[in-house]
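Everything below belongs to model24.tsv, which stores TSV, C-alpha atoms and all ligand atoms.
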chain	number	residue	atom	x	y	z
I	1	MET	CA	-49.55	17.26	-29.70
I	2	VAL	CA	-46.16	18.44	-28.52
I	3	ILE	CA	-44.47	21.11	-30.64
I	4	GLY	CA	-40.67	21.13	-30.46
I	5	ALA	CA	-38.33	18.11	-30.14
I	6	GLY	CA	-35.97	19.74	-27.65
I	7	VAL	CA	-35.26	18.64	-24.08
I	8	ILE	CA	-38.65	19.81	-22.74
I	9	GLY	CA	-40.65	18.58	-25.74
I	10	ILE	CA	-39.16	15.08	-25.63
I	11	GLU	CA	-39.64	14.76	-21.87
I	12	MET	CA	-43.24	16.04	-22.14
I	13	ALA	CA	-44.04	13.68	-25.04
I	14	GLY	CA	-42.76	10.73	-22.98
I	15	ALA	CA	-44.66	11.79	-19.86
I	16	LEU	CA	-47.94	12.26	-21.74
I	17	LYS	CA	-47.51	8.87	-23.43
I	18	GLN	CA	-47.00	7.27	-20.01
I	19	GLN	CA	-50.32	8.83	-18.98
I	20	GLY	CA	-51.94	6.80	-21.75
I	21	MET	CA	-52.38	9.61	-24.29
I	22	GLU	CA	-51.93	9.34	-28.01
I	23	VAL	CA	-48.95	11.64	-28.69
I	24	THR	CA	-47.56	13.34	-31.79
I	25	LEU	CA	-44.26	15.21	-31.55
I	26	VAL	CA	-43.77	17.87	-34.25
I	27	GLU	CA	-40.42	19.46	-35.08
I	28	TYR	CA	-39.48	21.72	-37.96
I	29	ALA	CA	-35.82	20.62	-38.20
I	30	ASP	CA	-34.99	17.31	-39.88
I	31	SER	CA	-33.83	15.72	-36.62
I	32	ILE	CA	-33.08	16.48	-32.97
I	33	SER	CA	-30.63	19.42	-32.92
I	34	THR	CA	-26.93	18.47	-33.23
I	35	ALA	CA	-26.28	20.97	-30.44
I	36	LEU	CA	-28.24	18.60	-28.18
I	37	ALA	CA	-27.07	15.18	-29.38
I	38	ASP	CA	-24.91	13.66	-32.10
I	39	MET	CA	-26.67	11.56	-34.70
I	40	GLU	CA	-26.03	8.17	-33.02
I	41	PHE	CA	-27.74	9.36	-29.83
I	42	SER	CA	-30.56	11.27	-31.62
I	43	GLN	CA	-31.31	8.06	-33.46
I	44	LYS	CA	-31.59	6.11	-30.20
I	45	ILE	CA	-33.90	8.76	-28.70
I	46	ILE	CA	-36.13	8.83	-31.79
I	47	GLU	CA	-36.27	5.01	-31.92
I	48	LEU	CA	-37.26	4.92	-28.25
I	49	LEU	CA	-40.11	7.42	-28.79
I	50	GLU	CA	-41.37	5.59	-31.89
I	51	GLU	CA	-41.04	2.13	-30.30
I	52	LYS	CA	-43.30	3.30	-27.45
I	53	GLY	CA	-45.90	4.54	-29.92
I	54	ILE	CA	-45.18	8.29	-30.19
I	55	ARG	CA	-45.64	9.65	-33.72
I	56	VAL	CA	-42.59	11.78	-34.51
I	57	LEU	CA	-42.86	14.25	-37.40
I	58	PHE	CA	-39.66	16.00	-38.49
I	59	LYS	CA	-39.43	18.70	-41.20
I	60	SER	CA	-42.89	19.75	-40.00
I	61	ALA	CA	-43.49	23.41	-39.24
I	62	VAL	CA	-46.61	24.44	-37.33
I	63	SER	CA	-48.06	27.55	-38.95
I	64	LYS	CA	-51.35	27.97	-37.06
I	65	ILE	CA	-53.36	26.54	-34.16
I	66	GLU	CA	-57.11	27.07	-34.43
I	67	ASP	CA	-60.19	26.66	-32.21
I	68	LEU	CA	-58.29	27.06	-28.97
I	69	GLU	CA	-61.56	27.48	-27.04
I	70	ASN	CA	-62.82	24.06	-28.17
I	71	VAL	CA	-61.72	20.64	-26.98
I	72	GLN	CA	-60.57	19.86	-30.50
I	73	LYS	CA	-57.74	22.04	-31.73
I	74	ASN	CA	-56.75	22.09	-35.37
I	75	ILE	CA	-53.03	22.33	-35.97
I	76	PHE	CA	-51.85	23.34	-39.41
I	77	ILE	CA	-48.47	21.96	-40.36
I	78	GLU	CA	-46.36	21.87	-43.46
I	79	ASN	CA	-44.86	18.38	-43.48
I	80	ALA	CA	-41.91	18.13	-45.91
I	81	GLY	CA	-43.58	20.54	-48.32
I	82	LYS	CA	-47.04	18.95	-47.88
I	83	LYS	CA	-49.76	20.92	-46.06
I	84	GLU	CA	-51.65	18.94	-43.45
I	85	THR	CA	-54.17	19.63	-40.67
I	86	LEU	CA	-53.81	17.59	-37.50
I	87	VAL	CA	-56.26	17.44	-34.64
I	88	ALA	CA	-55.38	17.41	-30.94
I	89	GLU	CA	-57.15	17.89	-27.63
I	90	VAL	CA	-54.07	19.09	-25.78
I	91	VAL	CA	-51.23	21.14	-27.27
I	92	VAL	CA	-47.88	21.68	-25.56
I	93	VAL	CA	-45.66	24.34	-27.13
I	94	ALA	CA	-42.03	23.66	-26.15
I	95	VAL	CA	-40.05	25.76	-28.58
I	96	GLY	CA	-37.53	27.45	-26.31
I	97	VAL	CA	-37.26	30.86	-24.71
I	98	LYS	CA	-36.31	34.31	-25.91
I	99	PRO	CA	-35.53	37.06	-23.40
I	100	ASN	CA	-37.95	39.96	-23.47
I	101	LEU	CA	-35.59	42.91	-23.70
I	102	ASP	CA	-38.13	45.70	-24.37
I	103	VAL	CA	-37.96	46.72	-20.72
I	104	LEU	CA	-34.32	47.77	-21.24
I	105	GLU	CA	-35.04	50.11	-24.14
I	106	GLY	CA	-33.36	53.47	-23.58
I	107	SER	CA	-31.28	52.14	-20.65
I	108	GLY	CA	-28.06	51.95	-22.65
I	109	ILE	CA	-27.52	48.36	-21.48
I	110	ALA	CA	-25.86	46.38	-24.28
I	111	VAL	CA	-27.99	43.49	-25.57
I	112	THR	CA	-28.11	41.14	-28.52
I	113	GLU	CA	-31.18	39.17	-29.58
I	114	ARG	CA	-30.00	36.36	-27.25
I	115	GLY	CA	-29.90	38.51	-24.14
I	116	ILE	CA	-27.96	40.98	-22.02
I	117	VAL	CA	-24.21	41.10	-22.68
I	118	VAL	CA	-22.18	40.36	-19.52
I	119	ASP	CA	-18.53	39.75	-18.64
I	120	SER	CA	-17.09	37.04	-16.36
I	121	LYS	CA	-18.20	39.04	-13.29
I	122	MET	CA	-21.75	39.23	-14.66
I	123	ARG	CA	-21.33	42.98	-15.17
I	124	THR	CA	-23.21	44.73	-17.93
I	125	ASN	CA	-21.63	47.66	-19.78
I	126	ILE	CA	-23.26	50.07	-17.28
I	127	SER	CA	-21.53	50.50	-13.95
I	128	ASN	CA	-23.24	48.76	-10.97
I	129	VAL	CA	-25.79	47.01	-13.21
I	130	TYR	CA	-25.46	43.21	-13.26
I	131	ALA	CA	-27.39	40.52	-15.09
I	132	CYS	CA	-27.64	36.78	-14.47
I	133	GLY	CA	-29.83	33.84	-15.47
I	134	ASP	CA	-31.93	33.36	-18.59
I	135	CYS	CA	-31.98	37.08	-19.48
I	136	CYS	CA	-28.22	37.22	-20.16
I	137	GLN	CA	-25.62	35.48	-22.29
I	138	PRO	CA	-23.13	33.86	-19.91
I	139	LEU	CA	-19.69	32.91	-21.16
I	140	SER	CA	-19.01	29.32	-22.21
I	141	ALA	CA	-16.60	27.36	-19.97
I	142	ILE	CA	-15.24	25.74	-23.12
I	143	THR	CA	-14.79	28.49	-25.69
I	144	GLY	CA	-15.19	31.65	-23.59
I	145	GLU	CA	-17.81	32.84	-26.12
I	146	ALA	CA	-21.14	34.34	-25.06
I	147	ILE	CA	-23.78	31.60	-25.20
I	148	SER	CA	-27.46	31.07	-24.43
I	149	SER	CA	-27.59	28.88	-21.35
I	150	ALA	CA	-31.17	28.86	-19.95
I	151	LEU	CA	-30.38	26.38	-17.18
I	152	ALA	CA	-31.33	26.70	-13.53
I	153	SER	CA	-27.98	25.33	-12.31
I	154	SER	CA	-26.05	27.93	-14.30
I	155	ALA	CA	-28.44	30.76	-13.27
I	156	ILE	CA	-27.88	29.98	-9.59
I	157	GLN	CA	-24.09	30.05	-9.99
I	158	GLN	CA	-24.27	33.33	-11.90
I	159	SER	CA	-26.44	34.90	-9.19
I	160	LYS	CA	-23.82	33.99	-6.56
I	161	ILE	CA	-21.12	35.63	-8.69
I	162	VAL	CA	-23.22	38.82	-8.65
I	163	GLY	CA	-23.48	38.49	-4.85
I	164	PHE	CA	-19.69	38.16	-4.58
I	165	GLN	CA	-19.16	41.37	-6.58
I	166	ILE	CA	-21.62	43.31	-4.45
I	167	ALA	CA	-19.95	41.97	-1.28
I	168	GLY	CA	-16.56	43.07	-2.59
I	169	PHE	CA	-15.08	39.69	-3.62
I	170	PRO	CA	-13.86	39.82	-7.25
I	171	ILE	CA	-14.66	36.14	-7.94
I	172	LYS	CA	-15.29	35.33	-11.60
I	173	PHE	CA	-17.84	33.03	-13.19
I	174	ASN	CA	-16.00	30.01	-14.54
I	175	GLY	CA	-18.36	29.81	-17.51
I	176	SER	CA	-21.28	27.56	-18.23
I	177	THR	CA	-20.72	23.92	-19.26
I	178	GLY	CA	-24.38	23.72	-20.34
I	179	ALA	CA	-24.86	20.45	-18.41
I	180	PHE	CA	-28.39	19.09	-18.79
I	181	ALA	CA	-30.33	15.83	-18.60
I	182	PHE	CA	-33.78	14.54	-19.42
I	183	GLN	CA	-35.69	11.33	-19.04
I	184	ALA	CA	-38.39	9.79	-21.18
I	185	LEU	CA	-40.09	6.41	-21.17
I	186	GLY	CA	-37.63	4.76	-18.79
I	187	LYS	CA	-34.43	6.06	-20.41
I	188	GLU	CA	-32.21	9.03	-19.65
I	189	TYR	CA	-30.05	11.30	-21.78
I	190	ALA	CA	-27.43	13.79	-20.57
I	191	GLY	CA	-25.25	16.23	-22.45
I	192	VAL	CA	-22.44	18.51	-21.28
I	193	GLY	CA	-20.39	20.99	-23.28
I	194	LEU	CA	-20.10	20.43	-27.01
I	195	THR	CA	-21.37	17.52	-29.06
I	196	GLU	CA	-18.86	16.01	-31.48
I	197	THR	CA	-20.62	17.80	-34.36
I	198	GLU	CA	-20.28	21.17	-32.64
I	199	ALA	CA	-16.70	20.47	-31.50
I	200	ARG	CA	-15.63	19.70	-35.09
I	201	LYS	CA	-16.88	23.17	-36.15
I	202	LYS	CA	-14.66	24.84	-33.52
I	203	PHE	CA	-11.52	22.69	-33.19
I	204	LYS	CA	-9.07	21.26	-35.73
I	205	TRP	CA	-8.32	18.15	-33.66
I	206	VAL	CA	-11.18	16.16	-32.16
I	207	ILE	CA	-10.96	12.63	-30.74
I	208	THR	CA	-13.88	10.78	-29.16
I	209	GLY	CA	-14.03	7.82	-26.82
I	210	LYS	CA	-16.98	5.54	-26.08
I	211	ALA	CA	-17.97	3.28	-23.22
I	212	VAL	CA	-20.81	0.80	-23.19
I	213	THR	CA	-21.31	-0.18	-19.58
I	214	THR	CA	-24.09	-0.60	-17.02
I	215	ASP	CA	-25.50	1.58	-14.25
I	216	VAL	CA	-24.67	-1.04	-11.55
I	217	TYR	CA	-22.73	-4.37	-11.52
I	218	LYS	CA	-23.63	-5.95	-14.83
I	219	ASP	CA	-24.58	-9.34	-13.31
I	220	LEU	CA	-27.30	-7.87	-11.11
I	221	THR	CA	-30.78	-8.44	-12.51
I	222	ILE	CA	-31.57	-4.74	-12.14
I	223	ALA	CA	-28.52	-3.65	-14.23
I	224	LYS	CA	-29.36	-1.46	-17.22
I	225	GLU	CA	-27.21	-0.37	-20.14
I	226	LEU	CA	-25.44	2.97	-20.20
I	227	GLU	CA	-23.58	4.34	-23.22
I	228	VAL	CA	-21.20	7.27	-22.73
I	229	LYS	CA	-19.23	9.30	-25.26
I	230	LEU	CA	-16.47	11.77	-24.37
I	231	ILE	CA	-15.23	14.42	-26.78
I	232	PHE	CA	-11.63	15.65	-26.50
I	233	ALA	CA	-10.35	18.54	-28.61
I	234	GLY	CA	-7.54	20.96	-29.35
I	235	PRO	CA	-3.77	20.47	-29.21
I	236	LYS	CA	-3.98	19.69	-25.46
I	237	MET	CA	-6.82	17.21	-25.94
I	238	ARG	CA	-9.03	18.89	-23.36
I	239	LEU	CA	-12.35	17.32	-22.47
I	240	VAL	CA	-14.93	19.54	-24.23
I	241	GLY	CA	-18.02	17.37	-24.40
I	242	TYR	CA	-20.00	14.46	-22.98
I	243	GLU	CA	-23.10	12.60	-24.11
I	244	ALA	CA	-24.82	9.61	-22.53
I	245	PHE	CA	-27.92	7.54	-23.16
I	246	GLY	CA	-29.38	4.74	-21.05
I	247	ASN	CA	-29.75	4.56	-17.30
I	248	GLY	CA	-27.69	6.11	-14.52
I	249	VAL	CA	-26.35	9.00	-16.62
I	250	ILE	CA	-26.11	11.58	-13.84
I	251	ALA	CA	-22.98	10.40	-11.98
I	252	SER	CA	-20.71	10.45	-15.04
I	253	ALA	CA	-22.38	13.60	-16.45
I	254	GLU	CA	-21.55	15.54	-13.29
I	255	VAL	CA	-17.95	14.31	-13.30
I	256	ALA	CA	-17.70	15.40	-16.94
I	257	SER	CA	-19.22	18.81	-16.18
I	258	PHE	CA	-16.71	19.40	-13.37
I	259	ALA	CA	-13.80	18.22	-15.54
I	260	ILE	CA	-14.89	20.36	-18.51
I	261	GLY	CA	-15.23	23.38	-16.21
I	262	LEU	CA	-11.71	22.77	-14.87
I	263	LYS	CA	-10.40	22.37	-18.45
I	264	LEU	CA	-8.90	18.94	-17.74
I	265	ASN	CA	-7.11	17.15	-20.57
I	266	ILE	CA	-7.11	13.47	-21.47
I	267	LEU	CA	-4.06	12.59	-19.29
I	268	LYS	CA	-5.69	14.19	-16.24
I	269	MET	CA	-8.95	12.36	-16.98
I	270	LEU	CA	-7.09	9.02	-16.89
I	271	ARG	CA	-6.24	9.71	-13.23
I	272	PHE	CA	-9.87	9.89	-12.14
I	273	ASN	CA	-10.32	7.95	-8.87
I	274	TYR	CA	-13.84	6.62	-8.81
I	275	ILE	CA	-15.96	4.62	-6.38
I	276	ALA	CA	-16.82	0.95	-6.92
I	277	HIS	CA	-19.72	-0.59	-5.03
I	278	PRO	CA	-21.65	-3.77	-5.94
I	279	SER	CA	-25.14	-2.29	-5.97
I	280	MET	CA	-24.48	1.39	-6.68
I	281	THR	CA	-21.84	1.53	-9.45
I	282	PRO	CA	-20.71	-0.48	-12.49
I	283	TRP	CA	-18.05	-3.19	-12.17
I	284	PRO	CA	-14.75	-1.66	-10.98
I	285	PHE	CA	-13.24	-1.91	-14.48
I	286	MET	CA	-16.37	-0.58	-16.18
I	287	ASN	CA	-16.45	3.04	-14.98
I	288	PRO	CA	-17.82	4.97	-17.99
I	289	ILE	CA	-15.51	7.99	-17.66
I	290	ILE	CA	-12.34	5.88	-17.51
I	291	MET	CA	-13.51	3.45	-20.24
I	292	ALA	CA	-14.37	6.27	-22.65
I	293	THR	CA	-11.13	8.16	-21.84
I	294	GLU	CA	-9.08	5.00	-22.46
I	295	ASP	CA	-10.92	4.41	-25.73
I	296	ALA	CA	-10.00	7.94	-26.87
I	297	MET	CA	-6.43	7.51	-25.60
I	298	GLY	CA	-6.13	4.29	-27.63
I	299	LYS	CA	-7.05	6.24	-30.78
I	300	ILE	CA	-4.38	8.86	-30.01
I	301	MET	CA	-1.78	6.12	-29.41
I	302	GLU	CA	-2.67	4.53	-32.75
I	303	LYS	CA	-2.10	7.86	-34.48
I	304	VAL	CA	1.22	8.44	-32.68
I	305	LYS	CA	2.37	4.89	-33.56
I	306	GLY	CA	1.60	5.63	-37.21
I	307	PHE	CA	3.70	8.80	-36.95
I	308	PHE	CA	6.80	6.91	-35.74
I	309	ASN	CA	6.41	4.02	-38.22
C	401	LIG	C1	-40.50	23.56	-18.53
C	401	LIG	C2	-39.12	23.91	-18.10
C	401	LIG	C3	-38.31	22.95	-17.52
C	401	LIG	C4	-37.01	23.27	-17.12
C	401	LIG	N1	-36.24	22.28	-16.57
C	401	LIG	C5	-34.99	22.57	-16.17
C	401	LIG	C6	-34.17	21.57	-15.59
C	401	LIG	O1	-34.57	20.41	-15.44
C	401	LIG	N2	-32.91	21.90	-15.22
C	401	LIG	C7	-32.41	23.17	-15.39
C	401	LIG	O2	-31.24	23.43	-15.02
C	401	LIG	N3	-33.19	24.16	-15.92
C	401	LIG	C8	-34.45	23.89	-16.32
C	401	LIG	N4	-35.23	24.88	-16.87
C	401	LIG	C9	-34.66	26.23	-17.03
C	401	LIG	C10	-34.76	27.01	-15.73
C	401	LIG	O3	-36.10	27.01	-15.29
C	401	LIG	C11	-34.29	28.43	-15.97
C	401	LIG	O4	-32.98	28.42	-16.53
C	401	LIG	C12	-34.23	29.22	-14.66
C	401	LIG	O5	-35.51	29.29	-14.09
C	401	LIG	C13	-33.69	30.62	-14.93
C	401	LIG	O6	-33.77	31.37	-13.76
C	401	LIG	P1	-33.98	32.96	-13.81
C	401	LIG	O7	-34.04	33.40	-12.42
C	401	LIG	O8	-32.98	33.53	-14.74
C	401	LIG	O9	-35.38	33.16	-14.54
C	401	LIG	P2	-36.85	32.74	-14.06
C	401	LIG	O10	-36.80	31.54	-13.18
C	401	LIG	O11	-37.67	32.71	-15.29
C	401	LIG	O12	-37.29	33.95	-13.12
C	401	LIG	C14	-37.50	35.24	-13.67
C	401	LIG	C15	-38.59	35.92	-12.89
C	401	LIG	O13	-38.63	37.30	-13.25
C	401	LIG	C16	-39.97	37.71	-13.43
C	401	LIG	N5	-39.96	38.85	-14.36
C	401	LIG	C17	-39.74	38.84	-15.70
C	401	LIG	N6	-39.80	40.10	-16.20
C	401	LIG	C18	-40.03	40.92	-15.16
C	401	LIG	C19	-40.20	42.33	-15.06
C	401	LIG	N7	-40.14	43.13	-16.12
C	401	LIG	N8	-40.44	42.84	-13.84
C	401	LIG	C20	-40.51	42.04	-12.75
C	401	LIG	N9	-40.37	40.69	-12.80
C	401	LIG	C21	-40.13	40.14	-13.99
C	401	LIG	C22	-40.64	36.48	-14.00
C	401	LIG	O14	-42.02	36.52	-13.80
C	401	LIG	C23	-39.97	35.36	-13.20
C	401	LIG	O15	-40.63	35.09	-11.99
C	401	LIG	C24	-36.52	24.57	-17.30
C	401	LIG	C25	-37.33	25.55	-17.87
C	401	LIG	C26	-38.61	25.23	-18.28
C	401	LIG	C27	-39.46	26.29	-18.89
Any chance you could put this one into structure tokens?
Amino acid sequence: MVIGAGVIGIEMAGALKQQGMEVTLVEYADSISTALADMEFSQKIIELLEEKGIRVLFKSAVSKIEDLENVQKNIFIENAGKKETLVAEVVVVAVGVKPNLDVLEGSGIAVTERGIVVDSKMRTNISNVYACGDCCQPLSAITGEAISSALASSAIQQSKIVGFQIAGFPIKFNGSTGAFAFQALGKEYAGVGLTETEARKKFKWVITGKAVTTDVYKDLTIAKELEVKLIFAGPKMRLVGYEAFGNGVIASAEVASFAIGLKLNILKMLRFNYIAHPSMTPWPFMNPIIMATEDAMGKIMEKVKGFFN
């Protein structure tokens, strides 16, 4: 039994299934969070888990786990209003992290329930006290708002920013793009920045572009499908989000993370010079970043054409 259909829960459920276990994934929301993936990608992830024999229970809140000392553990859940008791031998709780801020009580350091408040130099409100990593709320590279990041890659960058301040270099943290990836049952998913759902809550203008391509030349027998979505937003049509499902997600995810961090817009994205190689990349005209950018650009051109007609 895996509790929590987030990045860790999904990856754990897949790994345990591959070990030959019977796996149930329990989640109290009605789907995978829209902060993680838009509906079309959540659907693909859920279908993959179910196809491979994982039982996925949404709208199911775990209220109690009993008999922890015994091999058989009883798990009480409320499944869509119906109370049920499930039995498992192994329970993985993957429901996220909350910083433990008790230690700061009386220190005067400003906190919210999501962590220590910091500025772009990772300074707290108290002079010469810095915070970085999971305990703080770094600023978003997209909106500049304080966010929960909880990623190793972001923590490392933040720690170096603290080092720069101490060494006397006033270098600022560029903000977190929240780039992450997971793999389960032979497929990969990566997300950077905002999903389309989240972007529509923050920006008036949002345009998306899609690419369905392959991880290497499509005629190779080893080629596997890769679907990429880019999310552009705001009056300047800046790249604010990326999602991908399939195989070979990392290369385009990292390009997207760098571009989002640099606040590149759609015209700059069209100038991306990529590498083409027969056994390491897609066909030269099937680069996912360019294909998805061109798809979004086509939608903008359609709108502009309508304006002049
Ligand atoms: C299962 C799992 C998988 C993950 N996978 C990824 C991944 O694939 N990619 C990714 O980018 N991130 C991943 N993460 C997140 C990543 O591990 C964290 O973002 C990263 O470790 C944060 O670094 P940190 O130094 O802020 O905190 P931590 O690595 O948690 O280090 C904090 C340390 O401080 C110690 N500590 C706490 N309180 C006190 C105290 N009062 N006094 C003294 N010491 C204290 C703790 O014991 C701990 O050793 C994963 C996390 C989990 C749980």
What residues have any atom no more than 9 Å from ligand LIG 401 (chain C) when counting only C-alpha atoms and all ligand atoms, and can you list them as JSON, numbers by chain? {"I": [7, 8, 9, 12, 94, 96, 97, 99, 100, 101, 102, 103, 131, 132, 133, 134, 135, 136, 149, 150, 151, 152, 153, 154, 155, 156, 159, 178, 179, 180, 181, 182]}
Skip Thr281 of chain I itself and residues of its chain fewer than 3 positions away, then list as a compact mmCIF listing (two decimals) with C-alpha atoms, keeping the file's coordinate frame all residues within 6 Å of it, counting all atoms listed in the file.
# COMPACT_ATOMS: atom_id res chain seq x y z
CA VAL I 216 -24.67 -1.04 -11.55
CA ALA I 276 -16.82 0.95 -6.92
CA HIS I 277 -19.72 -0.59 -5.03
List the spatial neighbours of Lys83 of chain I as a PyMOL selection string - criterion: any atom at most 10 Å away, all atoms listed in the file, same-chain residues fewer than 4 positions off excluded. chain I and resi 60-63+76-79
Considering all atoms listed in the file, state which residue in the set I:Leu262, I:Ile289, I:Val206, I:Val26 is at the smallest distance from Tyr242 of chain I.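 That would be I:Ile289, the residue with the smallest distance to Tyr242 of chain I.
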So, with all atoms listed in the file as the atoms that count, which of I:Leu264, I:Met122, I:Val228, I:Val240 lies closest to Val192 of chain I?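 Checking each candidate against Val192 of chain I, we get I:Val240 as the closest.
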Just the number, please: distance in Å from atom CA of Gly144 of chain I to atom CA of Lys204 of chain I, one decimal.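 Atom CA of Lys204 of chain I lies at a distance of 17.1 Å from atom CA of Gly144 of chain I.
Atom pair atom CA of Asn287 of chain I / atom CA of Phe258 of chain I: separated by 16.4 Å.
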Please check which residues have atoms at most 10 Å from (-38.8, 9.0, -29.4) in the file's coordinates, counting all atoms listed in the file, and write them as a ChimeraX atom specification. /I:5,10-11,13-14,25,42-56,184-185
Atom CA of Val304 of chain I to atom CA of Ala244 of chain I, straight-line distance in Å: 28.0 Å
Residue nearest Gly115 of chain I among I:Ser148, I:Ala35, I:Phe173, I:Ser127 (counting all atoms listed in the file):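 Of all the options, I:Ser148 lies closest to Gly115 of chain I.
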How would segment 164-175 of chain I read, as a compact mmCIF listing (two decimals), in the coordinates of the input, once N, CA, C and O atoms are built in?
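Everything below was put into out.txt:
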# COMPACT_ATOMS: atom_id res chain seq x y z
N PHE I 164 -21.11 37.96 -4.93
CA PHE I 164 -19.69 38.16 -4.58
C PHE I 164 -19.22 39.57 -4.95
O PHE I 164 -18.54 40.22 -4.18
N GLN I 165 -19.62 40.03 -6.15
CA GLN I 165 -19.16 41.37 -6.58
C GLN I 165 -19.69 42.43 -5.63
O GLN I 165 -18.95 43.32 -5.20
N ILE I 166 -20.99 42.29 -5.30
CA ILE I 166 -21.62 43.31 -4.45
C ILE I 166 -20.97 43.31 -3.06
O ILE I 166 -20.78 44.35 -2.44
N ALA I 167 -20.58 42.09 -2.61
CA ALA I 167 -19.95 41.97 -1.28
C ALA I 167 -18.47 42.32 -1.32
O ALA I 167 -17.80 42.27 -0.28
N GLY I 168 -17.95 42.63 -2.50
CA GLY I 168 -16.56 43.07 -2.59
C GLY I 168 -15.55 41.97 -2.87
O GLY I 168 -14.35 42.18 -2.71
N PHE I 169 -16.01 40.77 -3.26
CA PHE I 169 -15.08 39.69 -3.62
C PHE I 169 -15.04 39.57 -5.15
O PHE I 169 -16.07 39.24 -5.76
N PRO I 170 -13.88 39.80 -5.78
CA PRO I 170 -13.86 39.82 -7.25
C PRO I 170 -13.80 38.42 -7.87
O PRO I 170 -12.95 38.13 -8.71
N ILE I 171 -14.68 37.52 -7.43
CA ILE I 171 -14.66 36.14 -7.94
C ILE I 171 -15.37 36.08 -9.29
O ILE I 171 -16.45 36.65 -9.45
N LYS I 172 -14.73 35.36 -10.24
CA LYS I 172 -15.29 35.33 -11.60
C LYS I 172 -16.13 34.07 -11.83
O LYS I 172 -15.86 33.03 -11.22
N PHE I 173 -17.06 34.18 -12.75
CA PHE I 173 -17.84 33.03 -13.19
C PHE I 173 -16.93 32.19 -14.08
O PHE I 173 -16.27 32.72 -14.98
N ASN I 174 -16.89 30.89 -13.80
CA ASN I 174 -16.00 30.01 -14.54
C ASN I 174 -16.53 29.71 -15.94
O ASN I 174 -15.84 29.12 -16.77
N GLY I 175 -17.74 30.12 -16.22
CA GLY I 175 -18.36 29.81 -17.51
C GLY I 175 -19.33 28.67 -17.36
O GLY I 175 -19.24 27.88 -16.43
